[in-house]
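For reference, structure22.cif is printed below; it contains mmCIF, C-alpha atoms.
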data_work
loop_
_atom_site.group_PDB
_atom_site.id
_atom_site.type_symbol
_atom_site.label_atom_id
_atom_site.label_comp_id
_atom_site.auth_asym_id
_atom_site.auth_seq_id
_atom_site.Cartn_x
_atom_site.Cartn_y
_atom_site.Cartn_z
ATOM 1 C CA MET O 1 107.784 114.926 94.282
ATOM 2 C CA ASN O 2 106.226 115.226 90.853
ATOM 3 C CA ASP O 3 103.118 114.310 88.932
ATOM 4 C CA ALA O 4 104.086 110.643 89.075
ATOM 5 C CA SER O 5 103.755 110.704 92.875
ATOM 6 C CA PHE O 6 99.987 110.916 92.575
ATOM 7 C CA ALA O 7 98.054 107.674 92.356
ATOM 8 C CA PRO O 8 96.354 106.721 89.093
ATOM 9 C CA ARG O 9 92.550 106.963 89.216
ATOM 10 C CA GLN O 10 91.302 103.402 89.048
ATOM 11 C CA SER O 11 87.773 103.214 90.427
ATOM 12 C CA VAL O 12 85.050 105.396 91.929
ATOM 13 C CA GLU O 13 85.426 103.512 95.201
ATOM 14 C CA GLN O 14 89.184 104.152 95.332
ATOM 15 C CA VAL O 15 88.720 107.848 94.562
ATOM 16 C CA GLU O 16 85.789 108.470 96.929
ATOM 17 C CA GLU O 17 86.341 106.079 99.821
ATOM 18 C CA GLY O 18 90.053 105.340 99.668
ATOM 19 C CA VAL O 19 93.256 106.842 101.045
ATOM 20 C CA ASP O 20 95.103 107.277 97.726
ATOM 21 C CA LEU O 21 95.774 110.834 96.650
ATOM 22 C CA ALA O 22 94.533 110.578 93.054
ATOM 23 C CA PRO O 23 93.701 114.150 92.015
ATOM 24 C CA LYS O 24 91.890 114.892 88.779
ATOM 25 C CA PHE O 25 93.392 117.679 86.703
ATOM 26 C CA ASP O 26 91.233 119.213 83.969
ATOM 27 C CA ALA O 27 91.944 119.420 80.244
ATOM 28 C CA GLU O 28 94.394 122.254 80.963
ATOM 29 C CA GLY O 29 96.127 120.254 83.681
ATOM 30 C CA LEU O 30 94.609 122.310 86.504
ATOM 31 C CA ILE O 31 92.650 121.641 89.696
ATOM 32 C CA PRO O 32 90.626 124.403 91.422
ATOM 33 C CA VAL O 33 91.661 125.430 94.927
ATOM 34 C CA VAL O 34 89.605 127.146 97.626
ATOM 35 C CA THR O 35 91.763 128.943 100.178
ATOM 36 C CA THR O 36 90.298 129.864 103.561
ATOM 37 C CA ASP O 37 91.675 131.627 106.608
ATOM 38 C CA ALA O 38 92.320 128.773 109.058
ATOM 39 C CA SER O 39 91.203 130.884 112.009
ATOM 40 C CA SER O 40 88.164 132.788 110.735
ATOM 41 C CA GLY O 41 86.994 130.320 108.078
ATOM 42 C CA GLU O 42 86.672 133.192 105.606
ATOM 43 C CA VAL O 43 87.180 132.274 101.957
ATOM 44 C CA LEU O 44 90.235 134.267 100.878
ATOM 45 C CA MET O 45 90.573 133.280 97.242
ATOM 46 C CA HIS O 46 89.735 130.793 94.524
ATOM 47 C CA ALA O 47 92.700 129.757 92.424
ATOM 48 C CA TYR O 48 94.206 126.855 90.498
ATOM 49 C CA MET O 49 97.128 124.448 90.831
ATOM 50 C CA ASN O 50 98.782 122.212 88.294
ATOM 51 C CA ALA O 51 100.414 118.969 89.431
ATOM 52 C CA GLU O 52 103.716 120.706 90.146
ATOM 53 C CA ALA O 53 102.055 123.446 92.220
ATOM 54 C CA LEU O 54 100.146 120.867 94.272
ATOM 55 C CA ALA O 55 103.317 118.830 94.834
ATOM 56 C CA LYS O 56 105.250 121.953 95.863
ATOM 57 C CA THR O 57 102.480 123.078 98.226
ATOM 58 C CA ILE O 58 102.557 119.655 99.916
ATOM 59 C CA GLU O 59 106.356 119.753 100.199
ATOM 60 C CA LEU O 60 106.763 123.369 101.306
ATOM 61 C CA GLY O 61 103.713 123.833 103.485
ATOM 62 C CA GLU O 62 103.165 127.170 101.736
ATOM 63 C CA ALA O 63 100.617 127.860 99.013
ATOM 64 C CA VAL O 64 101.942 127.525 95.471
ATOM 65 C CA TYR O 65 99.448 128.082 92.672
ATOM 66 C CA TRP O 66 99.479 128.140 88.876
ATOM 67 C CA SER O 67 98.859 131.645 87.570
ATOM 68 C CA ARG O 68 96.571 131.340 84.575
ATOM 69 C CA SER O 69 97.103 134.982 83.547
ATOM 70 C CA ARG O 70 100.893 134.952 83.880
ATOM 71 C CA LYS O 71 101.291 131.245 83.001
ATOM 72 C CA VAL O 72 103.870 130.629 85.688
ATOM 73 C CA LEU O 73 104.155 128.736 88.950
ATOM 74 C CA TRP O 74 103.071 131.235 91.584
ATOM 75 C CA HIS O 75 104.512 130.957 95.081
ATOM 76 C CA LYS O 76 101.966 133.213 96.768
ATOM 77 C CA GLY O 77 103.688 136.064 98.575
ATOM 78 C CA ALA O 78 106.926 135.957 96.549
ATOM 79 C CA THR O 79 106.231 139.519 95.357
ATOM 80 C CA SER O 80 103.933 140.878 98.075
ATOM 81 C CA GLY O 81 105.353 139.099 101.114
ATOM 82 C CA LEU O 82 101.802 137.911 101.871
ATOM 83 C CA VAL O 83 102.811 134.244 102.173
ATOM 84 C CA GLN O 84 100.102 131.683 102.968
ATOM 85 C CA LYS O 85 101.304 129.170 105.578
ATOM 86 C CA VAL O 86 99.417 125.890 105.177
ATOM 87 C CA ARG O 87 97.595 124.557 108.213
ATOM 88 C CA GLN O 88 95.588 121.848 106.442
ATOM 89 C CA ILE O 89 95.067 120.579 102.898
ATOM 90 C CA LEU O 90 91.830 118.765 102.070
ATOM 91 C CA ILE O 91 90.518 117.151 98.915
ATOM 92 C CA ASP O 92 86.929 116.519 97.916
ATOM 93 C CA ASP O 93 84.970 113.327 97.237
ATOM 94 C CA ASP O 94 85.865 112.912 93.558
ATOM 95 C CA GLN O 95 89.271 114.542 94.087
ATOM 96 C CA ASP O 96 88.790 117.330 91.565
ATOM 97 C CA ALA O 97 88.984 120.245 94.046
ATOM 98 C CA VAL O 98 91.367 121.196 96.862
ATOM 99 C CA TRP O 99 90.638 123.131 100.065
ATOM 100 C CA LEU O 100 93.615 124.897 101.620
ATOM 101 C CA ARG O 101 93.341 126.220 105.195
ATOM 102 C CA VAL O 102 96.058 128.814 105.739
ATOM 103 C CA ASP O 103 97.466 131.519 107.972
ATOM 104 C CA VAL O 104 98.281 134.611 105.936
ATOM 105 C CA VAL O 105 101.483 136.466 106.765
ATOM 106 C CA GLY O 106 100.466 140.139 106.583
ATOM 107 C CA GLY O 107 96.752 139.414 106.775
ATOM 108 C CA ALA O 108 95.744 140.009 103.163
ATOM 109 C CA SER O 109 95.372 137.729 100.164
ATOM 110 C CA CYS O 110 93.800 139.863 97.450
ATOM 111 C CA HIS O 111 95.842 141.749 94.849
ATOM 112 C CA VAL O 112 93.260 144.575 94.999
ATOM 113 C CA GLY O 113 94.341 145.193 98.594
ATOM 114 C CA TYR O 114 91.561 143.540 100.572
ATOM 115 C CA ARG O 115 91.878 140.747 103.137
ATOM 116 C CA SER O 116 89.762 138.408 101.004
ATOM 117 C CA CYS O 117 89.147 138.486 97.245
ATOM 118 C CA PHE O 118 85.449 138.125 98.110
ATOM 119 C CA TYR O 119 84.806 141.686 99.298
ATOM 120 C CA ARG O 120 81.466 142.201 97.558
ATOM 121 C CA SER O 121 78.122 140.463 98.027
ATOM 122 C CA ILE O 122 75.352 139.903 95.496
ATOM 123 C CA PRO O 123 71.902 140.884 96.813
ATOM 124 C CA PHE O 124 69.386 138.065 96.328
ATOM 125 C CA GLY O 125 65.665 137.351 96.410
ATOM 126 C CA PRO O 126 62.840 137.669 93.858
ATOM 127 C CA ASP O 127 62.989 141.473 93.804
ATOM 128 C CA ARG O 128 66.737 141.870 93.916
ATOM 129 C CA ASN O 129 67.461 141.384 90.214
ATOM 130 C CA LYS O 130 69.974 143.695 88.652
ATOM 131 C CA SER O 131 70.660 145.435 91.932
ATOM 132 C CA GLU O 132 74.131 146.633 92.828
ATOM 133 C CA LEU O 133 76.904 144.696 94.532
ATOM 134 C CA GLU O 134 77.498 145.634 98.157
ATOM 135 C CA PHE O 135 80.991 146.046 99.573
ATOM 136 C CA THR O 136 81.462 143.811 102.637
ATOM 137 C CA GLU O 137 84.966 144.922 103.549
ATOM 138 C CA GLY O 138 85.831 148.459 104.558
ATOM 139 C CA ASP O 139 89.305 149.833 104.029
ATOM 140 C CA LYS O 140 91.940 147.979 102.076
ATOM 141 C CA VAL O 141 94.615 146.228 104.146
ATOM 142 C CA PHE O 142 97.412 147.424 101.885
ATOM 143 C CA ASP O 143 97.998 149.743 98.952
ATOM 144 C CA PRO O 144 98.427 147.552 95.849
ATOM 145 C CA LYS O 145 100.508 150.202 94.077
ATOM 146 C CA ALA O 146 102.983 150.310 96.958
ATOM 147 C CA VAL O 147 103.247 146.505 97.024
ATOM 148 C CA TYR O 148 103.122 145.550 93.350
ATOM 149 C CA GLY O 149 104.440 148.758 91.742
ATOM 150 C CA ASP O 150 103.647 148.741 88.046
ATOM 151 C CA ALA O 151 103.409 144.961 87.679
ATOM 152 C CA PRO O 152 100.536 144.162 85.268
ATOM 153 C CA ASN O 153 97.126 143.597 86.884
ATOM 154 C CA PRO O 154 96.260 139.877 86.631
ATOM 155 C CA THR O 155 92.544 140.483 86.013
ATOM 156 C CA ARG O 156 91.436 139.605 82.492
ATOM 157 C CA LEU O 157 88.195 140.774 80.898
ATOM 158 C CA MET F 1 66.215 137.088 85.135
ATOM 159 C CA ASN F 2 68.554 135.681 82.517
ATOM 160 C CA ASP F 3 72.061 136.005 81.196
ATOM 161 C CA ALA F 4 71.252 139.454 79.831
ATOM 162 C CA SER F 5 70.672 140.709 83.377
ATOM 163 C CA PHE F 6 74.387 140.566 84.061
ATOM 164 C CA ALA F 7 76.443 143.607 83.187
ATOM 165 C CA PRO F 8 78.916 143.450 80.294
ATOM 166 C CA ARG F 9 82.569 143.428 81.408
ATOM 167 C CA GLN F 10 83.986 146.754 80.309
ATOM 168 C CA SER F 11 87.082 147.565 82.318
ATOM 169 C CA VAL F 12 89.282 146.154 85.069
ATOM 170 C CA GLU F 13 88.235 149.045 87.290
ATOM 171 C CA GLN F 14 84.519 148.320 86.756
ATOM 172 C CA VAL F 15 84.999 144.603 87.447
ATOM 173 C CA GLU F 16 87.256 144.973 90.502
ATOM 174 C CA GLU F 17 86.152 148.195 92.171
ATOM 175 C CA GLY F 18 82.608 148.678 90.915
ATOM 176 C CA VAL F 19 79.110 147.593 91.924
ATOM 177 C CA ASP F 20 78.077 145.967 88.630
ATOM 178 C CA LEU F 21 77.520 142.230 88.718
ATOM 179 C CA ALA F 22 79.578 141.274 85.659
ATOM 180 C CA PRO F 23 80.481 137.612 86.145
ATOM 181 C CA LYS F 24 82.978 135.882 83.881
ATOM 182 C CA PHE F 25 81.892 132.481 82.605
ATOM 183 C CA ASP F 26 84.573 130.186 81.177
ATOM 184 C CA ALA F 27 84.737 128.676 77.687
ATOM 185 C CA GLU F 28 82.070 126.166 78.745
ATOM 186 C CA GLY F 29 79.823 128.902 80.123
ATOM 187 C CA LEU F 30 80.558 128.015 83.748
ATOM 188 C CA ILE F 31 81.741 129.833 86.871
ATOM 189 C CA PRO F 32 83.180 127.923 89.872
ATOM 190 C CA VAL F 33 81.310 128.134 93.175
ATOM 191 C CA VAL F 34 82.606 127.544 96.699
ATOM 192 C CA THR F 35 79.827 126.654 99.131
ATOM 193 C CA THR F 36 80.421 127.013 102.862
ATOM 194 C CA ASP F 37 78.291 126.351 105.925
ATOM 195 C CA ALA F 38 77.208 129.841 107.015
ATOM 196 C CA SER F 39 77.512 128.910 110.689
ATOM 197 C CA SER F 40 80.681 126.828 110.893
ATOM 198 C CA GLY F 41 82.535 128.278 107.903
ATOM 199 C CA GLU F 42 83.315 124.747 106.735
ATOM 200 C CA VAL F 43 83.713 124.335 102.974
ATOM 201 C CA LEU F 44 80.924 121.954 101.960
ATOM 202 C CA MET F 45 81.485 121.603 98.244
ATOM 203 C CA HIS F 46 83.051 123.036 95.112
ATOM 204 C CA ALA F 47 80.703 123.169 92.144
ATOM 205 C CA TYR F 48 79.815 125.153 89.037
ATOM 206 C CA MET F 49 76.996 127.401 87.820
ATOM 207 C CA ASN F 50 76.086 128.552 84.358
ATOM 208 C CA ALA F 51 74.372 131.915 83.889
ATOM 209 C CA GLU F 52 70.919 130.383 84.358
ATOM 210 C CA ALA F 53 71.935 128.605 87.585
ATOM 211 C CA LEU F 54 73.415 131.824 89.009
ATOM 212 C CA ALA F 55 70.285 133.788 88.074
ATOM 213 C CA LYS F 56 68.042 131.127 89.650
ATOM 214 C CA THR F 57 70.131 131.015 92.825
ATOM 215 C CA ILE F 58 69.803 134.798 93.138
ATOM 216 C CA GLU F 59 66.037 134.635 92.547
ATOM 217 C CA LEU F 60 65.232 131.609 94.707
ATOM 218 C CA GLY F 61 67.666 132.070 97.578
ATOM 219 C CA GLU F 62 68.459 128.357 97.269
ATOM 220 C CA ALA F 63 71.540 126.891 95.623
ATOM 221 C CA VAL F 64 71.112 125.915 91.986
ATOM 222 C CA TYR F 65 74.184 124.531 90.223
ATOM 223 C CA TRP F 66 75.028 123.155 86.798
ATOM 224 C CA SER F 67 75.793 119.452 86.954
ATOM 225 C CA ARG F 68 78.734 118.808 84.660
ATOM 226 C CA SER F 69 78.305 115.020 84.864
ATOM 227 C CA ARG F 70 74.546 115.001 84.253
ATOM 228 C CA LYS F 71 74.525 118.142 82.078
ATOM 229 C CA VAL F 72 71.407 119.537 83.714
ATOM 230 C CA LEU F 73 70.451 122.431 85.961
ATOM 231 C CA TRP F 74 70.765 121.029 89.467
ATOM 232 C CA HIS F 75 68.569 122.438 92.203
ATOM 233 C CA LYS F 76 70.543 121.032 95.124
ATOM 234 C CA GLY F 77 68.318 118.913 97.347
ATOM 235 C CA ALA F 78 65.672 118.173 94.711
ATOM 236 C CA THR F 79 66.483 114.447 95.023
ATOM 237 C CA SER F 80 68.002 114.202 98.496
ATOM 238 C CA GLY F 81 65.981 116.865 100.313
ATOM 239 C CA LEU F 82 69.306 118.393 101.420
ATOM 240 C CA VAL F 83 68.414 121.894 100.184
ATOM 241 C CA GLN F 84 70.957 124.701 100.655
ATOM 242 C CA LYS F 85 69.297 127.898 101.876
ATOM 243 C CA VAL F 86 71.352 130.909 100.817
ATOM 244 C CA ARG F 87 72.469 133.280 103.537
ATOM 245 C CA GLN F 88 74.948 135.298 101.478
ATOM 246 C CA ILE F 89 76.340 135.298 97.933
ATOM 247 C CA LEU F 90 79.754 136.840 97.314
ATOM 248 C CA ILE F 91 81.837 137.312 94.195
ATOM 249 C CA ASP F 92 85.584 137.740 93.915
ATOM 250 C CA ASP F 93 87.775 140.560 92.657
ATOM 251 C CA ASP F 94 87.793 139.651 88.960
ATOM 252 C CA GLN F 95 84.285 138.156 89.205
ATOM 253 C CA ASP F 96 85.239 134.690 87.989
ATOM 254 C CA ALA F 97 84.331 132.813 91.206
ATOM 255 C CA VAL F 98 81.330 132.788 93.534
ATOM 256 C CA TRP F 99 81.194 132.097 97.277
ATOM 257 C CA LEU F 100 77.858 130.857 98.608
ATOM 258 C CA ARG F 101 77.239 130.876 102.376
ATOM 259 C CA VAL F 102 74.365 128.498 103.134
ATOM 260 C CA ASP F 103 72.364 126.681 105.767
ATOM 261 C CA VAL F 104 71.910 123.048 104.795
ATOM 262 C CA VAL F 105 68.531 121.453 105.437
ATOM 263 C CA GLY F 106 69.407 117.994 106.783
ATOM 264 C CA GLY F 107 72.999 118.899 107.585
ATOM 265 C CA ALA F 108 74.796 117.136 104.740
ATOM 266 C CA SER F 109 75.954 118.256 101.316
ATOM 267 C CA CYS F 110 78.029 115.399 99.937
ATOM 268 C CA HIS F 111 76.584 112.643 97.758
ATOM 269 C CA VAL F 112 78.924 110.155 99.468
ATOM 270 C CA GLY F 113 77.019 110.776 102.711
ATOM 271 C CA TYR F 114 79.325 113.114 104.585
ATOM 272 C CA ARG F 115 78.537 116.604 105.870
ATOM 273 C CA SER F 116 81.177 118.148 103.603
ATOM 274 C CA CYS F 117 82.654 116.802 100.381
ATOM 275 C CA PHE F 118 86.053 117.597 101.895
ATOM 276 C CA TYR F 119 86.245 114.689 104.360
ATOM 277 C CA ARG F 120 89.887 113.748 103.735
ATOM 278 C CA SER F 121 93.097 115.680 104.349
ATOM 279 C CA ILE F 122 96.403 115.452 102.507
ATOM 280 C CA PRO F 123 99.398 115.127 104.852
ATOM 281 C CA PHE F 124 102.068 117.695 104.030
ATOM 282 C CA GLY F 125 105.697 118.556 104.716
ATOM 283 C CA PRO F 126 109.030 117.512 103.197
ATOM 284 C CA ASP F 127 108.765 113.924 104.420
ATOM 285 C CA ARG F 128 105.082 113.393 103.729
ATOM 286 C CA ASN F 129 105.289 112.515 100.047
ATOM 287 C CA LYS F 130 103.065 109.745 98.829
ATOM 288 C CA SER F 131 101.557 109.214 102.252
ATOM 289 C CA GLU F 132 97.925 108.259 102.694
ATOM 290 C CA LEU F 133 94.923 110.564 102.921
ATOM 291 C CA GLU F 134 93.451 110.919 106.398
ATOM 292 C CA PHE F 135 89.708 110.870 107.023
ATOM 293 C CA THR F 136 88.626 113.998 108.904
ATOM 294 C CA GLU F 137 84.952 113.136 109.309
ATOM 295 C CA GLY F 138 83.731 110.135 111.264
ATOM 296 C CA ASP F 139 80.426 108.512 110.428
ATOM 297 C CA LYS F 140 78.419 109.459 107.383
ATOM 298 C CA VAL F 141 75.418 111.713 108.046
ATOM 299 C CA PHE F 142 73.182 109.688 105.740
ATOM 300 C CA ASP F 143 73.207 106.488 103.733
ATOM 301 C CA PRO F 144 73.591 107.459 100.076
ATOM 302 C CA LYS F 145 71.893 104.260 98.888
ATOM 303 C CA ALA F 146 68.815 105.048 100.942
ATOM 304 C CA VAL F 147 68.704 108.625 99.640
ATOM 305 C CA TYR F 148 69.708 108.266 96.000
ATOM 306 C CA GLY F 149 68.695 104.637 95.358
ATOM 307 C CA ASP F 150 70.317 103.409 92.180
ATOM 308 C CA ALA F 151 70.782 106.845 90.598
ATOM 309 C CA PRO F 152 74.161 106.884 88.819
ATOM 310 C CA ASN F 153 77.127 108.104 90.859
ATOM 311 C CA PRO F 154 78.181 111.536 89.539
ATOM 312 C CA THR F 155 81.906 110.910 90.063
ATOM 313 C CA ARG F 156 83.862 110.566 86.822
ATOM 314 C CA LEU F 157 87.317 109.041 86.541
#

Before anything else, please render the file you have as structure tokens.
Amino acid sequence: MNDASFAPRQSVEQVEEGVDLAPKFDAEGLIPVVTTDASSGEVLMHAYMNAEALAKTIELGEAVYWSRSRKVLWHKGATSGLVQKVRQILIDDDQDAVWLRVDVVGGASCHVGYRSCFYRSIPFGPDRNKSELEFTEGDKVFDPKAVYGDAPNPTRL
Amino acid sequence: MNDASFAPRQSVEQVEEGVDLAPKFDAEGLIPVVTTDASSGEVLMHAYMNAEALAKTIELGEAVYWSRSRKVLWHKGATSGLVQKVRQILIDDDQDAVWLRVDVVGGASCHVGYRSCFYRSIPFGPDRNKSELEFTEGDKVFDPKAVYGDAPNPTRL
């Protein structure tokens, strides 16, 4: 399966109301992906796929992303063992975003060591400006140094 | 509150392990946002905010996005009445994605008329190439023509 397996985008009706998989990749050839825990519904991460990563995810039934920092196809869990087994793949109305519902082998998805990448909340309300982030997860699930060794941190400023 | 209220991004440690809100906006000044139903956990939509939209969402406690197709600040529900009341705002490890947990007034979030924008699944597995999308939602929650009239459809090919 490759890029050519996806349908060409021909009309708004086809894209929104039809059964053709006609994903829209951005100027860099990427589509954003929301990954949730299939059991808890928790959002685990927000990542990107190129056409090859999407095709491989569909074929394998395991999450394959495009790493923007490392610029490589990224079979999630290849280094950490924290593979994401696909339970369901969904696509949105205009087919420019993917939702992946997964089971995570090992229970964690975040390179910092937490279960979810979204481990901090932003206080809100008229008087909550500039206030500090609040941690929503307690202890880390794993020690990133033990898992990744001295591999470069993917976070970019 | 404006762009200047956000902290400058100074180190990986500050961004990943700290309590400063130091969001990363892309080359177009946008940050992707995943919006889920706070009760069901269902992913409702994938959208974008600029700094002003994020600041307004934090202030108002209602979802304000940046519409890439209309190029305007988009207070969700201003036209349709389907306002998203914020229950929790989270940010990810490298602070380049936002997760919004909301209650939706009126129960629907998708301009096509469905509860969620993700109303179709992609079959997967080695033998599922090129197969058709499957609808996962039944009837539409509202009639988009009745709600939006002849406003232009935001979907772009």

TODO: Taking the file as shown, find all residues satisfying the PyMOL selection byres ((chain F) within 8 of (chain O)) and write them as a ChimeraX atom specification.
DONE: /F:1,5-6,9-12,16,18-21,24,34,40-43,45-46,57-61,88-94,97,99,110,112,117-130,132-134,155-157

The PyMOL selection byres ((chain F and resi 143) around 12) - which residues does that actually catch in the file I just gave you? List them as a short mmCIF file (atom, residue, chain, number, x, y, z; two decimals) with C-alpha atoms, keeping the file's coordinate frame.
data_model
loop_
_atom_site.label_atom_id
_atom_site.label_comp_id
_atom_site.auth_asym_id
_atom_site.auth_seq_id
_atom_site.Cartn_x
_atom_site.Cartn_y
_atom_site.Cartn_z
CA SER F 80 68.00 114.20 98.50
CA ALA F 108 74.80 117.14 104.74
CA CYS F 110 78.03 115.40 99.94
CA HIS F 111 76.58 112.64 97.76
CA VAL F 112 78.92 110.16 99.47
CA GLY F 113 77.02 110.78 102.71
CA TYR F 114 79.32 113.11 104.58
CA ARG F 115 78.54 116.60 105.87
CA ASP F 139 80.43 108.51 110.43
CA LYS F 140 78.42 109.46 107.38
CA VAL F 141 75.42 111.71 108.05
CA PHE F 142 73.18 109.69 105.74
CA PRO F 144 73.59 107.46 100.08
CA LYS F 145 71.89 104.26 98.89
CA ALA F 146 68.82 105.05 100.94
CA VAL F 147 68.70 108.62 99.64
CA TYR F 148 69.71 108.27 96.00
CA GLY F 149 68.69 104.64 95.36
#

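Going from atom CA of F:Leu73 over to atom CA of F:Gly29, you cover 12.8 Å.
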
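A straight line drawn from atom CA of F:Trp66 to atom CA of O:Trp66 is 25.0 Å long.
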
| Å distance separating atom CA of F:Glu137 from atom CA of F:Ser109, one decimal place |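 That distance, rounded to one decimal, is 13.1 Å.
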
Would you compute, for all listed atoms of stretch 79-89 of chain O, the axis-aligned bounding box grown by 4 Å on each side, and then report its centre and edge lengths in Å rounded to one decimal, as JSON?
{"center_x": 100.6, "center_y": 130.7, "center_z": 101.8, "size_x": 19.2, "size_y": 28.3, "size_z": 20.9}

Can you give me, as a list in words, the residues this file yields under the PyMOL selection byres ((chain F and resi 28) around 12)?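 Taken over the shown coordinates, the PyMOL selection byres ((chain F and resi 28) around 12) returns Lys24, Phe25, Asp26, Ala27, Gly29, Leu30, Ile31, Pro32, Tyr48, Met49, Asn50, Ala51, Trp66, Arg68 and Lys71 of chain F.
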
Got a minute to add N, CA and C atoms to stretch 65-87 of chain F and dump it as a PDB file, in the coordinates of the input?
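Contents of out04.pdb, freshly written:
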ATOM      1  N   TYR F  65      72.898 124.686  90.918  1.00  0.00           N
ATOM      2  CA  TYR F  65      74.184 124.531  90.223  1.00  0.00           C
ATOM      3  C   TYR F  65      73.946 123.999  88.810  1.00  0.00           C
ATOM      4  N   TRP F  66      75.044 123.884  88.064  1.00  0.00           N
ATOM      5  CA  TRP F  66      75.028 123.155  86.798  1.00  0.00           C
ATOM      6  C   TRP F  66      75.789 121.861  87.035  1.00  0.00           C
ATOM      7  N   SER F  67      75.125 120.745  86.798  1.00  0.00           N
ATOM      8  CA  SER F  67      75.793 119.452  86.954  1.00  0.00           C
ATOM      9  C   SER F  67      76.576 119.136  85.691  1.00  0.00           C
ATOM     10  N   ARG F  68      77.903 119.101  85.828  1.00  0.00           N
ATOM     11  CA  ARG F  68      78.734 118.808  84.660  1.00  0.00           C
ATOM     12  C   ARG F  68      78.625 117.344  84.251  1.00  0.00           C
ATOM     13  N   SER F  69      78.390 116.433  85.226  1.00  0.00           N
ATOM     14  CA  SER F  69      78.305 115.020  84.864  1.00  0.00           C
ATOM     15  C   SER F  69      76.946 114.686  84.240  1.00  0.00           C
ATOM     16  N   ARG F  70      75.883 115.312  84.785  1.00  0.00           N
ATOM     17  CA  ARG F  70      74.546 115.001  84.253  1.00  0.00           C
ATOM     18  C   ARG F  70      74.100 115.985  83.180  1.00  0.00           C
ATOM     19  N   LYS F  71      74.836 117.105  83.072  1.00  0.00           N
ATOM     20  CA  LYS F  71      74.525 118.142  82.078  1.00  0.00           C
ATOM     21  C   LYS F  71      73.097 118.658  82.212  1.00  0.00           C
ATOM     22  N   VAL F  72      72.721 118.953  83.441  1.00  0.00           N
ATOM     23  CA  VAL F  72      71.407 119.537  83.714  1.00  0.00           C
ATOM     24  C   VAL F  72      71.553 120.599  84.805  1.00  0.00           C
ATOM     25  N   LEU F  73      70.568 121.483  84.855  1.00  0.00           N
ATOM     26  CA  LEU F  73      70.451 122.431  85.961  1.00  0.00           C
ATOM     27  C   LEU F  73      70.148 121.600  87.201  1.00  0.00           C
ATOM     28  N   TRP F  74      70.791 121.912  88.305  1.00  0.00           N
ATOM     29  CA  TRP F  74      70.765 121.029  89.467  1.00  0.00           C
ATOM     30  C   TRP F  74      70.362 121.847  90.695  1.00  0.00           C
ATOM     31  N   HIS F  75      69.070 121.780  90.992  1.00  0.00           N
ATOM     32  CA  HIS F  75      68.569 122.438  92.203  1.00  0.00           C
ATOM     33  C   HIS F  75      68.934 121.539  93.372  1.00  0.00           C
ATOM     34  N   LYS F  76      69.973 121.890  94.079  1.00  0.00           N
ATOM     35  CA  LYS F  76      70.543 121.032  95.124  1.00  0.00           C
ATOM     36  C   LYS F  76      69.470 120.662  96.152  1.00  0.00           C
ATOM     37  N   GLY F  77      69.308 119.371  96.378  1.00  0.00           N
ATOM     38  CA  GLY F  77      68.318 118.913  97.347  1.00  0.00           C
ATOM     39  C   GLY F  77      67.040 118.408  96.704  1.00  0.00           C
ATOM     40  N   ALA F  78      66.902 118.600  95.380  1.00  0.00           N
ATOM     41  CA  ALA F  78      65.672 118.173  94.711  1.00  0.00           C
ATOM     42  C   ALA F  78      65.472 116.666  94.872  1.00  0.00           C
ATOM     43  N   THR F  79      66.571 115.896  94.836  1.00  0.00           N
ATOM     44  CA  THR F  79      66.483 114.447  95.023  1.00  0.00           C
ATOM     45  C   THR F  79      66.632 114.075  96.501  1.00  0.00           C
ATOM     46  N   SER F  80      67.626 114.639  97.141  1.00  0.00           N
ATOM     47  CA  SER F  80      68.002 114.202  98.496  1.00  0.00           C
ATOM     48  C   SER F  80      67.233 114.921  99.598  1.00  0.00           C
ATOM     49  N   GLY F  81      66.611 116.048  99.272  1.00  0.00           N
ATOM     50  CA  GLY F  81      65.981 116.865 100.313  1.00  0.00           C
ATOM     51  C   GLY F  81      66.977 117.769 101.039  1.00  0.00           C
ATOM     52  N   LEU F  82      68.266 117.613 100.737  1.00  0.00           N
ATOM     53  CA  LEU F  82      69.306 118.393 101.420  1.00  0.00           C
ATOM     54  C   LEU F  82      69.474 119.754 100.740  1.00  0.00           C
ATOM     55  N   VAL F  83      68.430 120.577 100.821  1.00  0.00           N
ATOM     56  CA  VAL F  83      68.414 121.894 100.184  1.00  0.00           C
ATOM     57  C   VAL F  83      69.412 122.826 100.880  1.00  0.00           C
ATOM     58  N   GLN F  84      70.047 123.695 100.094  1.00  0.00           N
ATOM     59  CA  GLN F  84      70.957 124.701 100.655  1.00  0.00           C
ATOM     60  C   GLN F  84      70.286 126.064 100.606  1.00  0.00           C
ATOM     61  N   LYS F  85      69.923 126.577 101.768  1.00  0.00           N
ATOM     62  CA  LYS F  85      69.297 127.898 101.876  1.00  0.00           C
ATOM     63  C   LYS F  85      70.384 128.962 101.886  1.00  0.00           C
ATOM     64  N   VAL F  86      70.301 129.897 100.960  1.00  0.00           N
ATOM     65  CA  VAL F  86      71.352 130.909 100.817  1.00  0.00           C
ATOM     66  C   VAL F  86      71.267 131.953 101.921  1.00  0.00           C
ATOM     67  N   ARG F  87      72.381 132.183 102.569  1.00  0.00           N
ATOM     68  CA  ARG F  87      72.469 133.280 103.537  1.00  0.00           C
ATOM     69  C   ARG F  87      73.202 134.477 102.937  1.00  0.00           C
TER      70      ARG F  87
END
